[in-house]
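Coordinates from start-v7.txt are shown below (compact mmCIF, C-alpha atoms).
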# COMPACT_ATOMS: atom_id res chain seq x y z
CA MET A 1 -60.88 170.84 18.49
CA ASN A 2 -61.66 168.08 20.98
CA ARG A 3 -60.52 168.53 24.55
CA ALA A 4 -57.59 166.48 25.85
CA LEU A 5 -58.83 163.47 27.78
CA ARG A 6 -57.19 161.39 30.48
CA ILE A 7 -57.65 157.86 29.13
CA ALA A 8 -57.31 154.44 30.76
CA VAL A 9 -56.51 151.58 28.39
CA ALA A 10 -56.48 147.85 29.03
CA ASP A 11 -55.32 144.95 26.91
CA ASP A 12 -53.49 141.74 27.79
CA GLU A 13 -51.33 142.14 24.66
CA PRO A 14 -48.30 144.40 25.28
CA ASP A 15 -48.34 145.48 21.59
CA MET A 16 -51.84 146.92 21.95
CA ARG A 17 -50.95 148.79 25.15
CA ASP A 18 -47.91 150.25 23.34
CA TYR A 19 -50.09 151.16 20.35
CA PHE A 20 -52.49 153.11 22.59
CA ARG A 21 -49.57 154.80 24.39
CA LYS A 22 -48.24 155.93 21.02
CA ILE A 23 -51.48 156.83 19.17
CA LEU A 24 -53.59 158.52 21.86
CA PRO A 25 -51.05 161.31 22.60
CA ARG A 26 -50.97 162.00 18.82
CA LEU A 27 -54.71 162.65 19.08
CA GLY A 28 -54.06 165.08 21.94
CA HIS A 29 -54.94 162.74 24.84
CA HIS A 30 -53.02 161.42 27.87
CA VAL A 31 -52.78 157.72 28.75
CA VAL A 32 -53.05 157.65 32.55
CA VAL A 33 -53.56 153.89 32.94
CA ALA A 34 -52.28 151.00 30.79
CA ALA A 35 -53.56 147.82 32.45
CA GLU A 36 -52.95 144.19 31.53
CA THR A 37 -56.02 142.65 33.20
CA GLY A 38 -59.59 143.66 34.02
CA ARG A 39 -58.91 143.67 37.74
CA GLU A 40 -55.83 145.85 37.29
CA LEU A 41 -57.92 148.26 35.17
CA VAL A 42 -60.55 148.60 37.92
CA GLU A 43 -57.91 149.19 40.64
CA GLN A 44 -55.91 151.71 38.59
CA CYS A 45 -59.02 153.62 37.51
CA ARG A 46 -59.89 154.09 41.21
CA LYS A 47 -56.57 155.87 41.70
CA ALA A 48 -56.28 157.71 38.38
CA GLY A 49 -59.90 158.82 37.82
CA PRO A 50 -59.76 158.84 33.99
CA ASP A 51 -62.24 160.62 31.68
CA LEU A 52 -62.60 157.61 29.37
CA VAL A 53 -61.81 153.88 29.33
CA ILE A 54 -60.76 151.91 26.23
CA THR A 55 -60.61 148.22 27.10
CA ASP A 56 -60.21 144.91 25.34
CA ILE A 57 -63.04 142.50 26.13
CA LYS A 58 -61.17 139.22 26.51
CA MET A 59 -58.64 139.57 29.34
CA PRO A 60 -57.46 137.37 32.21
CA ASP A 61 -59.18 137.38 35.63
CA MET A 62 -62.00 139.79 34.65
CA ASP A 63 -63.19 140.61 31.16
CA GLY A 64 -63.46 144.17 29.85
CA ILE A 65 -67.26 144.29 30.10
CA ASP A 66 -67.30 143.27 33.79
CA ALA A 67 -64.43 145.67 34.53
CA ALA A 68 -66.24 148.51 32.73
CA THR A 69 -69.42 147.82 34.71
CA GLN A 70 -67.54 147.87 38.02
CA ILE A 71 -65.73 151.11 37.11
CA TYR A 72 -69.00 152.72 36.05
CA LEU A 73 -70.75 151.77 39.31
CA GLU A 74 -68.03 153.57 41.26
CA LYS A 75 -67.81 156.61 38.98
CA PRO A 76 -69.79 157.08 35.77
CA ILE A 77 -67.40 157.41 32.82
CA PRO A 78 -67.74 156.44 29.15
CA VAL A 79 -66.26 153.17 27.91
CA ILE A 80 -65.15 152.00 24.47
CA LEU A 81 -64.80 148.23 24.04
CA VAL A 82 -62.26 146.59 21.78
CA SER A 83 -62.48 143.07 20.41
CA ALA A 84 -60.53 140.91 17.99
CA TYR A 85 -63.77 139.77 16.38
CA HIS A 86 -67.32 140.84 15.81
CA ASP A 87 -69.25 138.70 18.31
CA PRO A 88 -73.07 139.27 18.52
CA GLU A 89 -73.21 137.75 22.02
CA LEU A 90 -70.53 140.13 23.32
CA ILE A 91 -72.23 143.07 21.63
CA ALA A 92 -75.50 142.12 23.36
CA ARG A 93 -73.66 142.08 26.74
CA ALA A 94 -72.06 145.41 25.89
CA GLU A 95 -75.34 147.24 25.38
CA ALA A 96 -75.23 148.88 28.81
CA ASP A 97 -75.61 152.67 28.76
CA HIS A 98 -71.97 153.32 29.73
CA ILE A 99 -70.59 151.32 26.76
CA LEU A 100 -70.54 154.01 24.11
CA GLY A 101 -68.25 152.58 21.46
CA TYR A 102 -67.13 149.26 20.01
CA LEU A 103 -64.01 148.79 17.90
CA VAL A 104 -62.83 145.65 16.13
CA LYS A 105 -59.08 145.02 15.87
CA PRO A 106 -56.93 146.03 14.08
CA ILE A 107 -57.73 149.55 15.24
CA LYS A 108 -56.81 152.37 12.91
CA GLN A 109 -56.13 155.90 14.12
CA SER A 110 -58.86 157.10 11.74
CA ASP A 111 -61.39 154.88 13.60
CA LEU A 112 -60.21 155.79 17.07
CA GLU A 113 -60.56 159.57 16.83
CA PRO A 114 -64.27 159.76 15.82
CA THR A 115 -65.18 156.90 18.19
CA ILE A 116 -63.66 158.78 21.15
CA ALA A 117 -65.34 162.06 20.18
CA LEU A 118 -68.72 160.37 19.74
CA ALA A 119 -68.45 158.36 22.99
CA VAL A 120 -67.67 161.49 25.02
CA ARG A 121 -70.46 163.53 23.39
CA ARG A 122 -73.04 160.76 23.92
CA PHE A 123 -71.93 160.28 27.50
CA GLU A 124 -72.35 164.00 28.24
CA GLN A 125 -75.86 163.87 26.76
CA PHE A 126 -76.75 160.80 28.86
CA GLU A 127 -75.45 162.45 32.02
CA ALA A 128 -77.43 165.64 31.30
CA LEU A 129 -80.60 163.56 30.79
CA ARG A 130 -79.93 161.57 33.96
CA LYS A 131 -79.50 164.78 35.97
CA GLU A 132 -82.65 166.27 34.45
CA ALA A 133 -84.62 163.12 35.38
CA ALA A 134 -83.27 163.26 38.94
CA ASP A 135 -84.18 166.98 39.17
CA LEU A 136 -87.70 166.24 37.90
CA ARG A 137 -88.13 163.43 40.43
CA GLN A 138 -87.01 165.81 43.20
CA ALA A 139 -89.39 168.53 41.97
CA LEU A 140 -92.29 166.05 42.05
CA GLU A 141 -91.37 164.91 45.57
CA ASP A 142 -91.13 168.55 46.74
CA ARG A 143 -94.49 169.32 45.13
CA LYS A 144 -96.16 166.45 47.05
CA VAL A 145 -94.76 167.72 50.37
CA ILE A 146 -95.94 171.28 49.65
CA GLU A 147 -99.41 169.98 48.69
CA ARG A 148 -99.66 168.03 51.96
CA ALA A 149 -98.60 171.06 54.02
CA LYS A 150 -101.05 173.26 52.11
CA GLY A 151 -103.86 170.75 52.75
CA LEU A 152 -102.99 170.74 56.45
CA LEU A 153 -103.15 174.57 56.67
CA MET A 154 -106.49 174.55 54.86
CA LYS A 155 -107.89 172.03 57.35
CA LYS A 156 -106.37 173.37 60.59
CA VAL A 157 -106.54 177.14 59.96
CA GLY A 158 -109.55 177.21 57.65
CA LEU A 159 -107.71 178.84 54.72
CA ASP A 160 -108.62 178.40 51.09
CA GLU A 161 -106.04 176.82 48.76
CA GLN A 162 -104.61 180.12 47.51
CA GLU A 163 -104.29 181.56 51.01
CA ALA A 164 -102.63 178.39 52.30
CA PHE A 165 -100.12 178.56 49.44
CA ARG A 166 -99.46 182.27 50.13
CA ARG A 167 -98.92 181.55 53.82
CA LEU A 168 -96.31 178.89 52.99
CA GLN A 169 -94.69 181.29 50.51
CA LYS A 170 -94.54 184.09 53.09
CA LEU A 171 -93.13 181.78 55.79
CA ALA A 172 -90.44 180.67 53.33
CA MET A 173 -89.54 184.27 52.41
CA ASP A 174 -89.55 185.49 56.02
CA SER A 175 -87.31 182.65 57.19
CA ASN A 176 -85.16 182.70 54.04
CA ARG A 177 -85.84 179.03 53.40
CA LYS A 178 -87.07 177.01 50.46
CA MET A 179 -90.80 176.44 50.37
CA VAL A 180 -90.34 172.67 50.62
CA GLU A 181 -88.32 173.12 53.86
CA VAL A 182 -91.13 175.19 55.36
CA ALA A 183 -93.66 172.56 54.21
CA HIS A 184 -91.60 169.85 55.97
CA MET A 185 -91.53 171.99 59.15
CA VAL A 186 -95.33 172.44 59.04
CA LEU A 187 -95.84 168.69 58.64
CA THR A 188 -93.31 167.91 61.41
CA ALA A 189 -94.99 170.39 63.76
CA GLU A 190 -98.36 168.76 63.05
CA GLU A 191 -96.89 165.33 63.97
CA ALA A 192 -95.50 166.79 67.21
CA PHE A 193 -98.96 167.97 68.26
CA GLN A 194 -100.67 164.66 67.52
CA PRO A 195 -102.04 162.99 70.64
CA LYS A 196 -99.93 160.04 71.75
CA ALA A 197 -101.32 156.78 70.40
CA LYS A 198 -102.48 154.35 73.10
CA VAL A 199 -100.59 151.05 73.03
Written form, structure tokens:
Amino acid sequence: MNRALRIAVADDEPDMRDYFRKILPRLGHHVVVAAETGRELVEQCRKAGPDLVITDIKMPDMDGIDAATQIYLEKPIPVILVSAYHDPELIARAEADHILGYLVKPIKQSDLEPTIALAVRRFEQFEALRKEAADLRQALEDRKVIERAKGLLMKKVGLDEQEAFRRLQKLAMDSNRKMVEVAHMVLTAEEAFQPKAKV
């Protein structure tokens, strides 16, 4: 059973907005936004904070792709695009990582359900990968700082590499801090004791 989602829909045709209002609750979801234009979709998504956006591409004042991009920049959420025709140029524009589905009108309920499920699952996988990449970047940055602090201890106190690492570890444990915080403190202290540069 898929979880109930709070969905924002946008289409300049009232019939399509009504269709979504009728069909999505049948699939167990809630329509929290039903916008007529791209700009209205962006503004209402700011207030409503939906879990998913289903938007027509061709709309007045801002098309669905631009609206989806703006929404995503403010808060990453998955987007399904809807179009009246299969347009290779639009599909090429829609290949951003937050566009996770593409439906061609007329939309059948049997198409909508798997597209929503797949879009949400893919989005969760992307977000997990993005977080993992950010965590790895942070781990690498922390490692560099610890290596610099270790090198400084080796040079200033005459410790070997293992001893310098143990000293940082002990300082971290004794002060109940992360090792990278202690490494930053060691490097900051070293800067403080540097002779003042002559201008």
*asked:* Could you check the closest approach to Ala139 in chain A for each of A:Leu24, A:Met179, A:Val32, A:Ala8 and tell me which residue wins, using only C-alpha atoms?
replied: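 That would be A:Met179, the residue with the smallest distance to Ala139 in chain A.
Residues in contact with Phe123 in chain A at up to 7 Å, not including ones fewer than 4 positions away on its chain and judged by only C-alpha atoms, are A:Pro78, A:Ala119, A:Glu127.
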*asked:* Considering only C-alpha atoms, can you say which of A:Ala4, A:Val104, A:Ala134, A:Ala34 comes closest to Ser83 in chain A?
replied: A:Val104
*Any idea what's packed within 10 Å of range 165-169 of chain A, counting all atoms listed in the file, ignoring anything in its chain fewer than 5 positions away? Could you give it as a ChimeraX atom specification?*
/A:146-147,149-151,153-154,159-160,174,177-183,186
*Surrounding residues of Thr115 in chain A excluding itself and chain neighbours under 5 positions, 9 Å, all atoms listed in the file, as a list in words*: Ile80, Leu100, Gly101, Tyr102, Leu103 and Val120 of chain A
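The residue that comes closest to Val82 in chain A, out of A:Ala128, A:Ala133, A:Ala68, A:Leu5 and on the basis of all atoms listed in the file, is A:Ala68.
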*Give me, please, the distance in Å between CA of Glu191 in chain A and CA of Lys144 in chain A, quoted to one decimal.*
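Between these atoms lies a distance of 17.0 Å.
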*asked:* Taking all atoms listed in the file into account, name the residue in A:Met16, A:Cys45, A:Leu112, A:Ile99 that is nearest to Thr69 in chain A.
replied: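 Smallest separation from Thr69 in chain A among the options: A:Ile99.
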_Option closest in space to Gln109 in chain A, from A:Arg137, A:Arg3, A:Arg26, A:Lys155 [counting only C-alpha atoms]_ =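 Residue with the minimum atom-to-atom distance to Gln109 in chain A: A:Arg26.
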*Just give me the gap between CA of Glu141 in chain A and CA of Gln162 in chain A in Å, one decimal is fine.*
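According to the coordinates, CA of Glu141 in chain A and CA of Gln162 in chain A are separated by 20.3 Å.
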_Gap from CA of Leu171 in chain A to CA of Ala192 in chain A - Å, one decimal_ = 19.0 Å
*asked:* Between A:Arg148, A:Arg46, A:Arg39, A:Asp61, which residue has the minimum interatomic distance to Glu161 in chain A, considering only C-alpha atoms?
replied: A:Arg148
All residues 12 Å or closer to Pro14 in chain A, only C-alpha atoms, same chain fewer than 6 positions away omitted, as a PDB file with C-alpha atoms, in the coordinates of the input:
ATOM      1  CA  PHE A  20     -52.490 153.110  22.590  1.00  0.00           C
ATOM      2  CA  ARG A  21     -49.570 154.800  24.390  1.00  0.00           C
ATOM      3  CA  ALA A  34     -52.280 151.000  30.790  1.00  0.00           C
ATOM      4  CA  ALA A  35     -53.560 147.820  32.450  1.00  0.00           C
ATOM      5  CA  GLU A  36     -52.950 144.190  31.530  1.00  0.00           C
ATOM      6  CA  THR A  37     -56.020 142.650  33.200  1.00  0.00           C
ATOM      7  CA  ASP A  56     -60.210 144.910  25.340  1.00  0.00           C
TER       8      ASP A  56
END
_I'd like the contact shell of Gly49 in chain A - 12 Å cut-off, all atoms listed in the file, skipping same-chain residues fewer than 5 positions apart - returned as a list of chain:residue names._
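In the requested form, the answer reads A:Leu5, A:Arg6, A:Ile7, A:Ala8, A:Val31, A:Val32, A:Val33, A:Leu41, A:Val42, A:Glu43, A:Gln44, A:Ile71, A:Tyr72, A:Glu74, A:Lys75, A:Pro76, A:Ile77, A:Pro78.
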